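For reference, the structure discussed in these notes is given below.
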Amino acid sequence: MEIELGNTPFGMDFHPSDDLVAAALITGHFHLYRYGADSTPPQRLLEIHAHSDSCRAVRFINGGQAIVTASSDRSILATDVQTGSPIARLQDAHEDAIFSLINLSDSTIATGDDQGYIKVWDTRQRSCCNSFNAHEDYVSDMTFTPDSMKLLATSGDGTLSVCNLPSNKVQTRSEFSEEELLSIVVMKNGRKVVCGTQNGTLLLYSWGFFKDCSDRFLGLSPHSVDALLKLDEERVITGSENGLISLVSILPNRIIQPLAEHSEYPIERLAFSHDRKFLGSISHDQNLKLWDLYDLLSPGDTQKDQAVATDSDGDEMDVDVNHTKPKKGSKRRNEDASNNKIDFFTDL
């Protein structure tokens, strides 16, 4: 199933309990679609001009009653799903363009900007709960572990950060990698953190020992791994710069099989529908594609395993070591943003 968006998408999210999917576009708009399991074409329910600059990320919040979007114009907007009416706007949420956005809970989100700052927001109280000066370059991706109340982030500065929400401190940051870190998932029941990089290598960190990676999954792709989506504790779905979507085993590190080819352009994001019937992908071809997950996985995914090179210290815990100075790169999108800030949402 394919949805023509008309412009380049930067973000996508599925409703937590309904057959709805939202896409964030470079034009500052977001679209909301209803899709079905049959051959009925998806129906566009909303087209909202949410921001004056690119809409970089979108998430459903409050049980799917609202959609929150973040932009390179530094604003965050909450929109009612039923009516399309704006609920609240945080006009200057960061001092720089917002790059990434994730849900921490039903009413808590985190945003990361182009200068490496991370903020945590209570969407019901409409206030900032935490602020972290975590990185020296854009925050490419984040993930949250509710049991430990840790927010993990990757950055274009080549580091992984661990932010402690109760103490409001950056607990630790990894050594600088020569490559930008672009995506992140936690696997192996919380024992391993997997990061996708600009050169196609997956870096594996042992939980609690984040200064240096314990394993390097080499040979996955010569292209950057822009998106990671955990299928289960053993397998992750990767989206690469060349548009290829693959199923990969972690420890043992193996390419299980290619799943799909979205296009020849980079995969911006991967996500599951609420019932996990569909895998969603967006790319610079201006299309949102919904893949039948059963069809993707059914052709005997264990029969096509491909062993790849690995640089591994085993599954043991590592010892923390000191920082080294990075070689800074930038995959930041070409968008301008000015500086300012505010600490609360404005009612609309």
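Chain labels A, B, ... are given in the sequence in which chains occur in the structure tokens; within each chain residues are numbered consecutively from 1, and ligands are likewise numbered from 1 in the order shown.
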Quiz item: Got a sec: who's within 6 Å of range 190-204 of chain A, counting only C-alpha atoms, leaving out chain neighbours fewer than 2 positions off, as JSON, numbers by chain?
Solution: {"A": [179, 180, 181, 182, 183, 184, 185, 186, 187, 188, 206, 207, 213, 214, 215, 216, 217, 218, 221, 222, 223, 224, 225]}
Exercise. Excluding Asp285 in chain A and any residue of its chain fewer than 2 positions from it, enumerate the residues within 10 Å of it, using only C-alpha atoms, and give them as number ranges by chain.
Key: A: 4-9, 243, 262-267, 282-283, 287-288
Quiz item: With only C-alpha atoms as the atoms that count, which of A:Met149, A:Leu160, A:Val81, A:Cys55 lies nearest to Arg34 in chain A?
Solution: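 Checking each of A:Met149, A:Leu160, A:Val81, A:Cys55 against Arg34 in chain A, counting only C-alpha atoms, the winner is A:Val81.
The residue that comes closest to Arg74 in chain A, out of A:Asp157, A:Asp114, A:Glu47, A:Asp38 and on the basis of only C-alpha atoms, is A:Asp114.
Closest approach to Asp226 in chain A among A:Ser140, A:Ser100, A:Glu175, A:Glu261: A:Ser140, based on only C-alpha atoms.
Here the question is which of A:Leu104, A:Ile250, A:Ile48, A:Ala23 gets nearest to Ile237 in chain A using only C-alpha atoms, and that residue is A:Ile250.
Interatomic distance, CA of Thr27 in chain A to CA of Ser155 in chain A: 24.3 Å.
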Quiz prompt | Who sits within 9 Å of Gly64 in chain A, only C-alpha atoms, same chain under 6 positions skipped, as JSON, numbers by chain | solution = {"A": [15, 16, 17, 18, 81, 106]}
Practice problem: Apply DSSP to the structure's backbone, then extract all residues of range 85-251 of chain A labelled strand (DSSP E or B) and return them as a ChimeraX atom specification. | Solution: /A:86-90,98-105,108-113,117-122,127-133,139-145,150-155,160-164,169-173,181-187,192-197,202-206,209,215-217,225-230,235-240,244-249
Exercise. Show which residues sit within 7 Å of Asp113 in chain A, as an MDAnalysis selection string. Count only C-alpha atoms, and ignore same-chain residues fewer than 5 positions away.
Key: chainID A and resid 94 96:100 118 138:139
Exercise. Can you pull out every residue within 6 Å of Trp121 in chain A, counting only C-alpha atoms, but drop anything in the same chain fewer than 6 positions away, and send it as a VMD selection string?
Key: chain A and resid 108 to 109 127 to 129
